[in-house]
$ cat input-v6.txt   # compact mmCIF, C-alpha atoms and all ligand atoms
# COMPACT_ATOMS: atom_id res chain seq x y z
CA MET T 1 -3.96 -29.90 -17.64
CA SER T 2 -0.93 -28.60 -15.71
CA ASP T 3 -0.50 -24.87 -15.06
CA ASP T 4 2.37 -24.90 -17.58
CA ASP T 5 -0.06 -25.90 -20.34
CA LEU T 6 -2.81 -23.49 -19.41
CA ASP T 7 -3.36 -20.74 -21.96
CA LEU T 8 -4.53 -17.85 -19.78
CA SER T 9 -5.83 -15.90 -22.75
CA SER T 10 -8.30 -18.70 -23.54
CA LEU T 11 -10.11 -18.13 -20.24
CA ASP T 12 -13.06 -15.77 -19.92
CA ASP T 13 -12.76 -12.87 -17.45
CA ALA T 14 -14.25 -14.69 -14.47
CA GLU T 15 -12.15 -17.82 -15.06
CA LEU T 16 -9.03 -15.75 -15.54
CA VAL T 17 -9.58 -13.84 -12.30
CA GLU T 18 -10.13 -17.12 -10.45
CA GLN T 19 -6.97 -18.54 -12.02
CA MET T 20 -5.04 -15.40 -11.00
CA HIS T 21 -6.21 -15.83 -7.40
CA ASP T 22 -4.84 -19.40 -7.54
CA ASP T 23 -1.60 -18.23 -9.18
CA LEU T 24 -1.16 -15.52 -6.55
CA TYR T 25 -1.72 -18.12 -3.86
CA ASP T 26 0.93 -20.32 -5.50
CA GLY T 27 3.35 -17.39 -5.91
CA MET T 28 3.50 -17.58 -9.71
CA ALA T 29 4.83 -14.15 -10.62
CA GLU T 30 5.07 -14.67 -14.40
CA GLU T 31 1.48 -15.86 -14.62
CA ILE T 32 0.29 -12.91 -12.56
CA ALA T 33 2.12 -10.52 -14.87
CA GLU T 34 0.58 -12.25 -17.91
CA GLY T 35 -2.93 -12.25 -16.41
CA THR T 36 -2.60 -8.57 -15.56
CA GLN T 37 -1.64 -7.77 -19.17
CA ILE T 38 -4.53 -9.84 -20.53
CA LEU T 39 -7.12 -8.08 -18.37
CA LEU T 40 -5.72 -4.67 -19.32
CA GLY T 41 -5.88 -5.77 -22.96
CA ARG T 42 -9.58 -6.51 -22.42
CA SER T 43 -10.10 -2.88 -21.39
CA TRP T 44 -10.19 -3.49 -17.67
CA SER T 45 -9.14 -0.32 -15.83
CA PRO T 46 -5.90 -0.61 -13.81
CA GLU T 47 -7.93 0.01 -10.61
CA ARG T 48 -10.25 -2.89 -11.43
CA VAL T 49 -7.37 -5.27 -12.16
CA LEU T 50 -5.72 -4.20 -8.91
CA ASN T 51 -8.76 -4.64 -6.71
CA VAL T 52 -10.51 -7.61 -8.30
CA ALA T 53 -7.58 -9.75 -9.43
CA LEU T 54 -4.72 -8.81 -7.08
CA VAL T 55 -5.94 -7.36 -3.77
CA GLU T 56 -8.77 -9.89 -3.51
CA GLY T 57 -6.32 -12.75 -4.17
CA MET T 58 -4.00 -11.42 -1.48
CA ARG T 59 -6.92 -11.30 0.98
CA VAL T 60 -7.28 -15.07 0.65
CA VAL T 61 -3.52 -15.51 1.18
CA GLY T 62 -3.84 -13.37 4.34
CA GLU T 63 -6.65 -15.52 5.72
CA ASP T 64 -4.76 -18.76 5.18
CA PHE T 65 -1.61 -17.23 6.68
CA ARG T 66 -3.63 -16.26 9.75
CA ASP T 67 -5.11 -19.75 9.99
CA GLY T 68 -1.72 -21.48 9.78
CA ILE T 69 -2.38 -23.01 6.34
CA LEU T 70 0.29 -20.90 4.63
CA PHE T 71 3.67 -19.99 6.11
CA VAL T 72 6.17 -17.15 5.62
CA PRO T 73 8.01 -18.63 2.58
CA GLU T 74 4.75 -19.19 0.67
CA VAL T 75 3.45 -15.75 1.62
CA LEU T 76 6.71 -14.18 0.45
CA LEU T 77 6.25 -15.84 -2.94
CA ALA T 78 2.65 -14.61 -3.08
CA ALA T 79 3.83 -11.10 -2.21
CA ASN T 80 6.42 -11.34 -4.96
CA ALA T 81 3.74 -12.38 -7.47
CA MET T 82 1.52 -9.50 -6.32
CA LYS T 83 4.43 -7.11 -6.92
CA ALA T 84 4.87 -8.45 -10.47
CA GLY T 85 1.29 -7.36 -11.22
CA MET T 86 1.69 -4.06 -9.39
CA ALA T 87 4.82 -3.23 -11.40
CA ILE T 88 2.72 -3.33 -14.58
CA LEU T 89 -0.10 -1.27 -13.06
CA ARG T 90 2.09 1.34 -11.41
CA PRO T 91 2.79 3.57 -14.44
CA LEU T 92 -0.84 3.30 -15.55
CA LEU T 93 -2.18 4.36 -12.16
CA ALA T 94 0.30 7.23 -12.03
CA GLU T 95 -0.52 8.38 -15.56
CA THR T 96 -3.57 10.55 -14.94
CA GLY T 97 -1.98 13.76 -16.17
CA ALA T 98 -3.04 15.36 -12.90
CA GLU T 99 -1.20 18.52 -11.91
CA GLN T 100 1.17 18.11 -8.98
CA VAL T 101 -0.98 18.48 -5.90
CA GLY T 102 1.72 18.15 -3.26
CA LYS T 103 4.52 16.05 -1.88
CA VAL T 104 4.39 12.98 0.37
CA VAL T 105 7.10 11.20 2.33
CA ILE T 106 5.96 7.67 3.17
CA GLY T 107 7.47 4.62 4.86
CA THR T 108 6.70 1.49 6.87
CA VAL T 109 7.62 1.93 10.53
CA LYS T 110 10.58 0.46 12.38
CA GLY T 111 10.41 -3.29 12.99
CA ASP T 112 7.95 -3.84 10.15
CA ILE T 113 8.83 -5.10 6.68
CA HIS T 114 5.35 -5.26 5.11
CA ASP T 115 5.33 -2.99 2.07
CA ILE T 116 2.60 -4.08 -0.35
CA GLY T 117 -0.07 -1.81 1.15
CA LYS T 118 2.34 1.12 1.44
CA ASN T 119 3.41 0.64 -2.18
CA LEU T 120 -0.22 0.68 -3.28
CA VAL T 121 -0.84 3.86 -1.33
CA GLY T 122 2.21 5.41 -3.01
CA MET T 123 0.88 4.39 -6.42
CA MET T 124 -2.56 5.85 -5.73
CA LEU T 125 -1.04 9.08 -4.44
CA GLU T 126 1.11 9.35 -7.56
CA GLY T 127 -2.04 8.77 -9.61
CA SER T 128 -3.69 11.66 -7.77
CA GLY T 129 -0.83 13.97 -8.66
CA PHE T 130 1.41 13.76 -5.60
CA GLU T 131 5.16 13.44 -5.74
CA VAL T 132 5.93 10.46 -3.53
CA ILE T 133 9.21 9.91 -1.72
CA ASP T 134 9.12 6.30 -0.55
CA LEU T 135 11.57 5.61 2.27
CA GLY T 136 10.90 1.87 2.21
CA ILE T 137 10.49 -0.41 5.21
CA ASN T 138 11.73 -0.58 8.81
CA ILE T 139 12.01 3.20 9.08
CA ASP T 140 13.14 4.70 12.37
CA VAL T 141 12.26 8.12 13.69
CA ASP T 142 15.58 9.71 12.71
CA THR T 143 15.16 8.56 9.11
CA TYR T 144 11.60 9.96 8.94
CA LEU T 145 12.72 13.29 10.41
CA ALA T 146 15.75 13.54 8.12
CA ALA T 147 13.48 12.95 5.11
CA LEU T 148 11.05 15.63 6.28
CA ALA T 149 13.94 18.10 6.59
CA GLU T 150 15.36 17.12 3.21
CA HIS T 151 12.17 17.04 1.13
CA SER T 152 9.80 19.47 2.93
CA PRO T 153 6.70 17.45 2.00
CA ASP T 154 3.11 18.43 2.72
CA ILE T 155 2.40 14.99 4.15
CA LEU T 156 4.10 12.32 6.21
CA GLY T 157 2.53 8.87 5.65
CA MET T 158 3.27 5.92 7.90
CA SER T 159 2.28 2.30 7.41
CA ALA T 160 2.25 -0.57 9.95
CA LEU T 161 0.86 -4.09 9.57
CA LEU T 162 1.75 -5.50 12.95
CA THR T 163 0.10 -4.80 16.29
CA THR T 164 3.62 -4.77 17.72
CA THR T 165 4.91 -2.06 15.36
CA MET T 166 1.90 0.26 15.11
CA PRO T 167 2.71 2.00 18.45
CA TYR T 168 5.93 3.24 16.83
CA MET T 169 3.82 5.79 14.95
CA LYS T 170 3.30 7.56 18.26
CA VAL T 171 7.06 7.63 18.85
CA VAL T 172 7.49 9.44 15.53
CA ILE T 173 4.64 11.89 16.12
CA ASP T 174 5.69 12.58 19.74
CA THR T 175 9.22 13.31 18.54
CA MET T 176 7.81 15.72 15.94
CA VAL T 177 5.90 17.46 18.75
CA GLU T 178 9.04 17.64 20.93
CA ARG T 179 10.99 19.20 18.06
CA GLY T 180 8.20 21.73 17.42
CA ILE T 181 7.59 20.53 13.83
CA ARG T 182 4.40 18.48 14.25
CA ASN T 183 2.13 21.16 12.78
CA ASP T 184 4.36 21.72 9.77
CA TYR T 185 3.05 18.49 8.22
CA ILE T 186 -0.15 16.57 7.67
CA VAL T 187 0.35 13.11 9.18
CA LEU T 188 -1.59 10.19 7.68
CA VAL T 189 -1.43 6.65 9.03
CA GLY T 190 -2.68 3.32 7.71
CA GLY T 191 -2.34 -0.44 7.83
CA ALA T 192 -4.62 -3.40 8.44
CA PRO T 193 -4.56 -3.44 12.29
CA LEU T 194 -5.19 0.32 12.68
CA ASN T 195 -8.48 2.15 13.00
CA GLU T 196 -9.71 5.70 13.33
CA GLU T 197 -9.54 5.63 17.10
CA PHE T 198 -5.89 4.55 16.97
CA GLY T 199 -5.08 7.28 14.44
CA ALA T 200 -6.58 9.90 16.75
CA ALA T 201 -4.87 8.42 19.83
CA VAL T 202 -1.39 8.67 18.30
CA GLY T 203 -2.03 12.23 17.14
CA ALA T 204 -2.29 11.66 13.37
CA ASP T 205 -4.43 13.98 11.23
CA ALA T 206 -6.23 10.98 9.73
CA TYR T 207 -6.34 7.21 9.55
CA CYS T 208 -6.77 5.91 5.99
CA ARG T 209 -8.57 2.59 5.55
CA ASP T 210 -7.19 1.89 2.09
CA ALA T 211 -5.18 3.37 -0.74
CA ALA T 212 -8.13 5.11 -2.38
CA VAL T 213 -9.11 6.72 0.93
CA ALA T 214 -5.48 7.73 1.47
CA ALA T 215 -5.42 9.54 -1.88
CA GLU T 216 -8.77 11.27 -1.24
CA THR T 217 -7.79 12.25 2.29
CA ALA T 218 -4.41 13.53 1.17
CA GLU T 219 -5.99 15.73 -1.48
CA ALA T 220 -8.69 17.05 0.83
CA LEU T 221 -6.29 17.90 3.67
CA VAL T 222 -3.71 19.55 1.43
CA LEU T 223 -6.43 21.66 -0.15
CA ALA T 224 -7.89 22.58 3.25
CA ARG T 225 -4.45 23.57 4.56
CA ARG T 226 -3.76 25.73 1.50
CA LEU T 227 -7.13 27.48 1.88
CA VAL T 228 -6.45 28.20 5.56
CA GLY T 229 -2.93 29.33 4.69
CA GLY T 230 -4.37 31.54 1.92
CA GLU T 231 -2.04 30.09 -0.71
CA ASP T 232 -4.74 29.58 -3.35
CO1 LIG T 301 2.87 -10.72 7.64
N1 LIG T 301 1.50 -10.55 9.05
N2 LIG T 301 4.16 -11.21 8.98
N3 LIG T 301 4.03 -11.04 6.13
N4 LIG T 301 1.31 -10.52 6.52
C1 LIG T 301 0.14 -10.04 8.61
C2 LIG T 301 0.09 -8.51 8.75
C3 LIG T 301 -0.81 -10.79 9.63
C4 LIG T 301 -2.12 -10.04 9.91
C5 LIG T 301 -1.06 -12.22 9.09
C6 LIG T 301 -2.02 -13.00 9.95
O1 LIG T 301 -1.65 -13.51 10.98
N5 LIG T 301 -3.25 -13.07 9.50
C7 LIG T 301 0.12 -10.94 10.90
C8 LIG T 301 0.05 -9.78 11.89
C9 LIG T 301 -0.66 -10.16 13.17
C10 LIG T 301 -0.66 -9.05 14.15
O2 LIG T 301 0.13 -8.16 14.19
N6 LIG T 301 -1.64 -9.10 15.01
C11 LIG T 301 1.48 -11.05 10.23
C12 LIG T 301 2.63 -11.60 10.87
C13 LIG T 301 2.40 -12.20 12.26
C14 LIG T 301 3.89 -11.61 10.26
C15 LIG T 301 5.22 -12.12 10.87
C16 LIG T 301 5.47 -11.75 12.35
C17 LIG T 301 5.24 -13.65 10.62
C18 LIG T 301 6.42 -14.38 11.21
O3 LIG T 301 7.54 -14.09 10.91
N7 LIG T 301 6.09 -15.29 12.06
C19 LIG T 301 6.27 -11.48 9.94
C20 LIG T 301 6.69 -10.08 10.44
C21 LIG T 301 7.83 -9.50 9.68
C22 LIG T 301 8.06 -8.05 10.07
O4 LIG T 301 7.43 -7.18 9.53
N8 LIG T 301 8.97 -7.82 10.99
C23 LIG T 301 5.46 -11.35 8.68
C24 LIG T 301 6.03 -11.42 7.41
C25 LIG T 301 5.32 -11.32 6.23
C26 LIG T 301 5.93 -11.56 4.86
C27 LIG T 301 7.37 -11.05 4.73
C28 LIG T 301 5.91 -13.04 4.58
C29 LIG T 301 4.89 -10.87 3.92
C30 LIG T 301 5.22 -9.39 3.61
C31 LIG T 301 5.78 -9.21 2.23
C32 LIG T 301 5.78 -7.74 1.84
O5 LIG T 301 5.00 -6.91 2.29
N9 LIG T 301 6.72 -7.44 0.99
C33 LIG T 301 3.65 -10.86 4.81
C34 LIG T 301 2.34 -10.66 4.31
C35 LIG T 301 2.19 -10.57 2.82
C36 LIG T 301 1.21 -10.56 5.17
C37 LIG T 301 -0.28 -10.52 4.80
C38 LIG T 301 -0.66 -11.94 4.42
C39 LIG T 301 -0.72 -9.60 3.70
C40 LIG T 301 -0.35 -8.14 3.88
C41 LIG T 301 -0.66 -7.44 2.59
O6 LIG T 301 0.23 -7.21 1.79
N10 LIG T 301 -1.96 -7.15 2.36
C42 LIG T 301 -0.93 -10.03 6.17
C43 LIG T 301 -2.34 -10.52 6.37
C44 LIG T 301 -3.37 -9.41 6.20
O7 LIG T 301 -3.09 -8.24 6.31
N11 LIG T 301 -4.59 -9.81 6.02
C45 LIG T 301 0.13 -10.32 7.16
C46 LIG T 301 -2.42 -6.57 1.10
C47 LIG T 301 -2.35 -5.03 1.19
C48 LIG T 301 -2.91 -4.46 -0.10
O8 LIG T 301 -3.16 -4.61 2.26
O9 LIG T 301 -1.18 -4.02 3.70
O10 LIG T 301 -3.54 -3.86 4.64
P1 LIG T 301 -2.62 -3.75 3.49
O11 LIG T 301 -2.68 -2.25 2.96
C49 LIG T 301 -3.88 -1.56 2.68
C50 LIG T 301 -4.45 -0.79 3.90
O12 LIG T 301 -4.09 -1.35 5.15
C51 LIG T 301 -3.99 0.63 3.68
O13 LIG T 301 -4.01 0.75 2.27
C52 LIG T 301 -3.49 -0.46 1.69
C53 LIG T 301 -4.03 -0.63 0.30
O14 LIG T 301 -5.43 -0.54 0.23
N12 LIG T 301 -2.66 1.05 4.14
C54 LIG T 301 -2.36 2.37 4.28
C55 LIG T 301 -1.54 0.34 4.40
N13 LIG T 301 -0.52 1.16 4.72
C56 LIG T 301 -0.99 2.41 4.65
C57 LIG T 301 -0.34 3.63 4.87
C58 LIG T 301 -1.07 4.79 4.71
C59 LIG T 301 -2.44 4.76 4.36
C60 LIG T 301 -3.10 3.53 4.14
O15 LIG T 301 -0.39 5.93 4.93
C61 LIG T 301 -0.95 7.11 4.63
$ encode --input "input-v6.txt" --output "structure tokens" --more "lines below"
Ligand code: B1M
Amino acid sequence: MSDDDLDLSSLDDAELVEQMHDDLYDGMAEEIAEGTQILLGRSWSPERVLNVALVEGMRVVGEDFRDGILFVPEVLLAANAMKAGMAILRPLLAETGAEQVGKVVIGTVKGDIHDIGKNLVGMMLEGSGFEVIDLGINIDVDTYLAALAEHSPDILGMSALLTTTMPYMKVVIDTMVERGIRNDYIVLVGGAPLNEEFGAAVGADAYCRDAAVAAETAEALVLARRLVGGED
């Protein structure tokens, strides 16, 4: 049977998830959107759909990209398919009714155009009650600083997926120090090649392994800062 003939709703959960991993790999955005809707219709939580069907499928794409089996055009299509699923999940993840906890400015650093992870982090933060100002990709220090001045967030979040772009986080933080504004903000960093040691070395308040950790860390640090500041 060709993919065109396949009725996704006739598959059981495990088969559907496996098919979605294949569809993600093949960059089939419409099928990913349909699969996402079907799983939600079967009472899967948005978090479960995200992690089991989408993020796990993207992990396989990442491995084959690394091993030279997939190339940029195929990975772009896979990323596009992933985004089709994320677009459906986004309002659901944001819809927790949580009170606004704080404000976050987030962006992927200069030279880097990877945005799937950053977008997920933004979605999780929104779901935890943060207002998120997403600057997008390839963000230089002046753009970050202008956004901090304009929006006065509690948190600056930076994402980098390349070993060649992650050092730019230090450029941003060092510039904040030079301008005397570093301590006005909580700075969180994340991205696949980073680790805790790197986060500490560049002067961030915390490295966040994934989107869920980013949301938890953001909440905890904003709360801690408010308690110290005596706001609550
Ligand atoms: Co790129 N790429 N890519 N790529 N790409 C990687 C990162 C790579 C590891 C692939 C590989 O070789 N295995 C490799 C980097 C190697 C290295 O630096 N050592 C790589 C490369 C080399 C490249 C190019 C240079 C390829 C080329 O042109 N020859 C090029 C660079 C372009 C550029 O940025 N200037 C390139 C291009 C691309 C595409 C455009 C094709 C596409 C991006 C599409 C898009 O994002 N819109 C792409 C993709 C999709 C990937 C992989 C396959 C998947 C990344 C992804 O979306 N993961 C990736 C392989 C991999 O990472 N395994 C790869 C899923 C996402 C949910 O996870 O982004 O890690 P992640 O985000 C997580 C956490 O890291 C964390 O939370 C997220 C959610 O849980 N997190 C944060 C992320 N940001 C955070 C910010 C925070 C907190 C937590 O702030 C508070």
$ atom_distance --input "input-v6.txt" --atom1 "atom CA of Gly157 of chain T" --atom2 "atom C56 of ligand LIG 301 (chain T)"
7.4 Å
$ closest_residue --input "input-v6.txt" --among "T:Ser10, T:Gln100, T:Thr217, T:Ser43" --to "ligand LIG 301 (chain T)" --atoms "all atoms listed in the file"
T:Thr217
$ residues_near_ligand --input "input-v6.txt" --ligand "ligand LIG 301 (chain T)" --cutoff "7 Å" --atoms "only C-alpha atoms and all ligand atoms" --output "count of residues only"
46
$ atom_distance --input "input-v6.txt" --atom1 "atom CA of Asp134 of chain T" --atom2 "atom CA of Ile38 of chain T"
29.1 Å
$ closest_residue --input "input-v6.txt" --among "T:Leu54, T:Met166, T:Met20, T:Val222" --to "Met86 of chain T" --atoms "only C-alpha atoms"
T:Leu54
$ atom_distance --input "input-v6.txt" --atom1 "atom CA of Leu8 of chain T" --atom2 "atom CA of Leu93 of chain T"
23.6 Å
$ residues_around --input "input-v6.txt" --residues "segment 124-130 of chain T" --least-positions-apart "5" --cutoff "10 Å" --atoms "all atoms listed in the file" --output "PyMOL selection string"
chain T and resi 47+90-104+118-119+153-155+210-216+218-219
$ residues_around --input "input-v6.txt" --residues "Asp7 of chain T" --least-positions-apart "6" --cutoff "12 Å" --atoms "all atoms listed in the file" --output "list in words"
Met1, Glu15, Leu16, Gln19, Glu31, Glu34, Gly35 and Ile38 of chain T
$ write_last_selection --input "input-v6.txt" --atoms "C-alpha atoms" --output "mmCIF file, in the frame of the given file"
data_model
loop_
_atom_site.group_PDB
_atom_site.id
_atom_site.type_symbol
_atom_site.label_atom_id
_atom_site.label_comp_id
_atom_site.auth_asym_id
_atom_site.auth_seq_id
_atom_site.Cartn_x
_atom_site.Cartn_y
_atom_site.Cartn_z
ATOM 1 C CA MET T 1 -3.960 -29.900 -17.640
ATOM 2 C CA GLU T 15 -12.150 -17.820 -15.060
ATOM 3 C CA LEU T 16 -9.030 -15.750 -15.540
ATOM 4 C CA GLN T 19 -6.970 -18.540 -12.020
ATOM 5 C CA GLU T 31 1.480 -15.860 -14.620
ATOM 6 C CA GLU T 34 0.580 -12.250 -17.910
ATOM 7 C CA GLY T 35 -2.930 -12.250 -16.410
ATOM 8 C CA ILE T 38 -4.530 -9.840 -20.530
#
$ decode --input "input-v6.txt" --residues "segment 122-142 of chain T" --atoms "N, CA, C and O atoms" --output "PDB file, in the first residue's frame"
ATOM      1  N   GLY T 122       9.941  27.930  23.916  1.00  0.00           N
ATOM      2  CA  GLY T 122       8.970  29.029  23.991  1.00  0.00           C
ATOM      3  C   GLY T 122       7.575  28.514  24.307  1.00  0.00           C
ATOM      4  O   GLY T 122       6.855  29.068  25.142  1.00  0.00           O
ATOM      5  N   MET T 123       7.210  27.394  23.660  1.00  0.00           N
ATOM      6  CA  MET T 123       5.873  26.821  23.892  1.00  0.00           C
ATOM      7  C   MET T 123       5.714  26.357  25.333  1.00  0.00           C
ATOM      8  O   MET T 123       4.675  26.572  25.964  1.00  0.00           O
ATOM      9  N   MET T 124       6.755  25.696  25.848  1.00  0.00           N
ATOM     10  CA  MET T 124       6.689  25.200  27.236  1.00  0.00           C
ATOM     11  C   MET T 124       6.636  26.366  28.224  1.00  0.00           C
ATOM     12  O   MET T 124       5.932  26.308  29.230  1.00  0.00           O
ATOM     13  N   LEU T 125       7.388  27.411  27.926  1.00  0.00           N
ATOM     14  CA  LEU T 125       7.372  28.579  28.818  1.00  0.00           C
ATOM     15  C   LEU T 125       5.987  29.229  28.804  1.00  0.00           C
ATOM     16  O   LEU T 125       5.457  29.597  29.851  1.00  0.00           O
ATOM     17  N   GLU T 126       5.407  29.329  27.617  1.00  0.00           N
ATOM     18  CA  GLU T 126       4.053  29.890  27.530  1.00  0.00           C
ATOM     19  C   GLU T 126       3.094  29.032  28.351  1.00  0.00           C
ATOM     20  O   GLU T 126       2.243  29.542  29.074  1.00  0.00           O
ATOM     21  N   GLY T 127       3.277  27.714  28.232  1.00  0.00           N
ATOM     22  CA  GLY T 127       2.421  26.784  28.984  1.00  0.00           C
ATOM     23  C   GLY T 127       2.597  26.920  30.482  1.00  0.00           C
ATOM     24  O   GLY T 127       1.709  26.571  31.255  1.00  0.00           O
ATOM     25  N   SER T 128       3.759  27.422  30.905  1.00  0.00           N
ATOM     26  CA  SER T 128       3.994  27.612  32.344  1.00  0.00           C
ATOM     27  C   SER T 128       3.602  29.006  32.797  1.00  0.00           C
ATOM     28  O   SER T 128       3.891  29.397  33.929  1.00  0.00           O
ATOM     29  N   GLY T 129       3.031  29.784  31.867  1.00  0.00           N
ATOM     30  CA  GLY T 129       2.519  31.091  32.275  1.00  0.00           C
ATOM     31  C   GLY T 129       3.442  32.262  31.986  1.00  0.00           C
ATOM     32  O   GLY T 129       3.213  33.365  32.485  1.00  0.00           O
ATOM     33  N   PHE T 130       4.477  32.062  31.195  1.00  0.00           N
ATOM     34  CA  PHE T 130       5.350  33.181  30.823  1.00  0.00           C
ATOM     35  C   PHE T 130       4.848  33.850  29.539  1.00  0.00           C
ATOM     36  O   PHE T 130       4.346  33.165  28.638  1.00  0.00           O
ATOM     37  N   GLU T 131       5.032  35.156  29.469  1.00  0.00           N
ATOM     38  CA  GLU T 131       4.880  35.833  28.188  1.00  0.00           C
ATOM     39  C   GLU T 131       6.211  35.672  27.468  1.00  0.00           C
ATOM     40  O   GLU T 131       7.268  35.938  28.050  1.00  0.00           O
ATOM     41  N   VAL T 132       6.158  35.220  26.219  1.00  0.00           N
ATOM     42  CA  VAL T 132       7.395  34.928  25.500  1.00  0.00           C
ATOM     43  C   VAL T 132       7.527  35.854  24.290  1.00  0.00           C
ATOM     44  O   VAL T 132       6.641  35.897  23.437  1.00  0.00           O
ATOM     45  N   ILE T 133       8.639  36.576  24.259  1.00  0.00           N
ATOM     46  CA  ILE T 133       8.939  37.400  23.078  1.00  0.00           C
ATOM     47  C   ILE T 133      10.035  36.672  22.325  1.00  0.00           C
ATOM     48  O   ILE T 133      11.170  36.572  22.806  1.00  0.00           O
ATOM     49  N   ASP T 134       9.665  36.109  21.171  1.00  0.00           N
ATOM     50  CA  ASP T 134      10.594  35.288  20.401  1.00  0.00           C
ATOM     51  C   ASP T 134      11.221  36.143  19.299  1.00  0.00           C
ATOM     52  O   ASP T 134      10.540  36.581  18.377  1.00  0.00           O
ATOM     53  N   LEU T 135      12.528  36.337  19.413  1.00  0.00           N
ATOM     54  CA  LEU T 135      13.225  37.195  18.441  1.00  0.00           C
ATOM     55  C   LEU T 135      13.547  36.457  17.152  1.00  0.00           C
ATOM     56  O   LEU T 135      13.942  37.075  16.171  1.00  0.00           O
ATOM     57  N   GLY T 136      13.458  35.118  17.181  1.00  0.00           N
ATOM     58  CA  GLY T 136      13.746  34.344  15.971  1.00  0.00           C
ATOM     59  C   GLY T 136      15.166  33.792  15.968  1.00  0.00           C
ATOM     60  O   GLY T 136      15.692  33.433  17.015  1.00  0.00           O
ATOM     61  N   ILE T 137      15.745  33.752  14.777  1.00  0.00           N
ATOM     62  CA  ILE T 137      17.061  33.104  14.605  1.00  0.00           C
ATOM     63  C   ILE T 137      18.119  34.146  14.236  1.00  0.00           C
ATOM     64  O   ILE T 137      17.780  35.273  13.903  1.00  0.00           O
ATOM     65  N   ASN T 138      19.400  33.698  14.327  1.00  0.00           N
ATOM     66  CA  ASN T 138      20.510  34.539  13.851  1.00  0.00           C
ATOM     67  C   ASN T 138      20.507  35.910  14.536  1.00  0.00           C
ATOM     68  O   ASN T 138      20.617  36.937  13.867  1.00  0.00           O
ATOM     69  N   ILE T 139      20.388  35.890  15.854  1.00  0.00           N
ATOM     70  CA  ILE T 139      20.225  37.145  16.601  1.00  0.00           C
ATOM     71  C   ILE T 139      21.574  37.674  17.102  1.00  0.00           C
ATOM     72  O   ILE T 139      22.298  36.964  17.809  1.00  0.00           O
ATOM     73  N   ASP T 140      21.878  38.901  16.744  1.00  0.00           N
ATOM     74  CA  ASP T 140      23.151  39.474  17.194  1.00  0.00           C
ATOM     75  C   ASP T 140      22.965  40.209  18.521  1.00  0.00           C
ATOM     76  O   ASP T 140      21.842  40.427  18.981  1.00  0.00           O
ATOM     77  N   VAL T 141      24.105  40.569  19.098  1.00  0.00           N
ATOM     78  CA  VAL T 141      24.070  41.133  20.446  1.00  0.00           C
ATOM     79  C   VAL T 141      23.225  42.406  20.511  1.00  0.00           C
ATOM     80  O   VAL T 141      22.464  42.604  21.465  1.00  0.00           O
ATOM     81  N   ASP T 142      23.327  43.253  19.485  1.00  0.00           N
ATOM     82  CA  ASP T 142      22.557  44.509  19.519  1.00  0.00           C
ATOM     83  C   ASP T 142      21.052  44.240  19.534  1.00  0.00           C
ATOM     84  O   ASP T 142      20.288  44.949  20.205  1.00  0.00           O
TER      85      ASP T 142
END
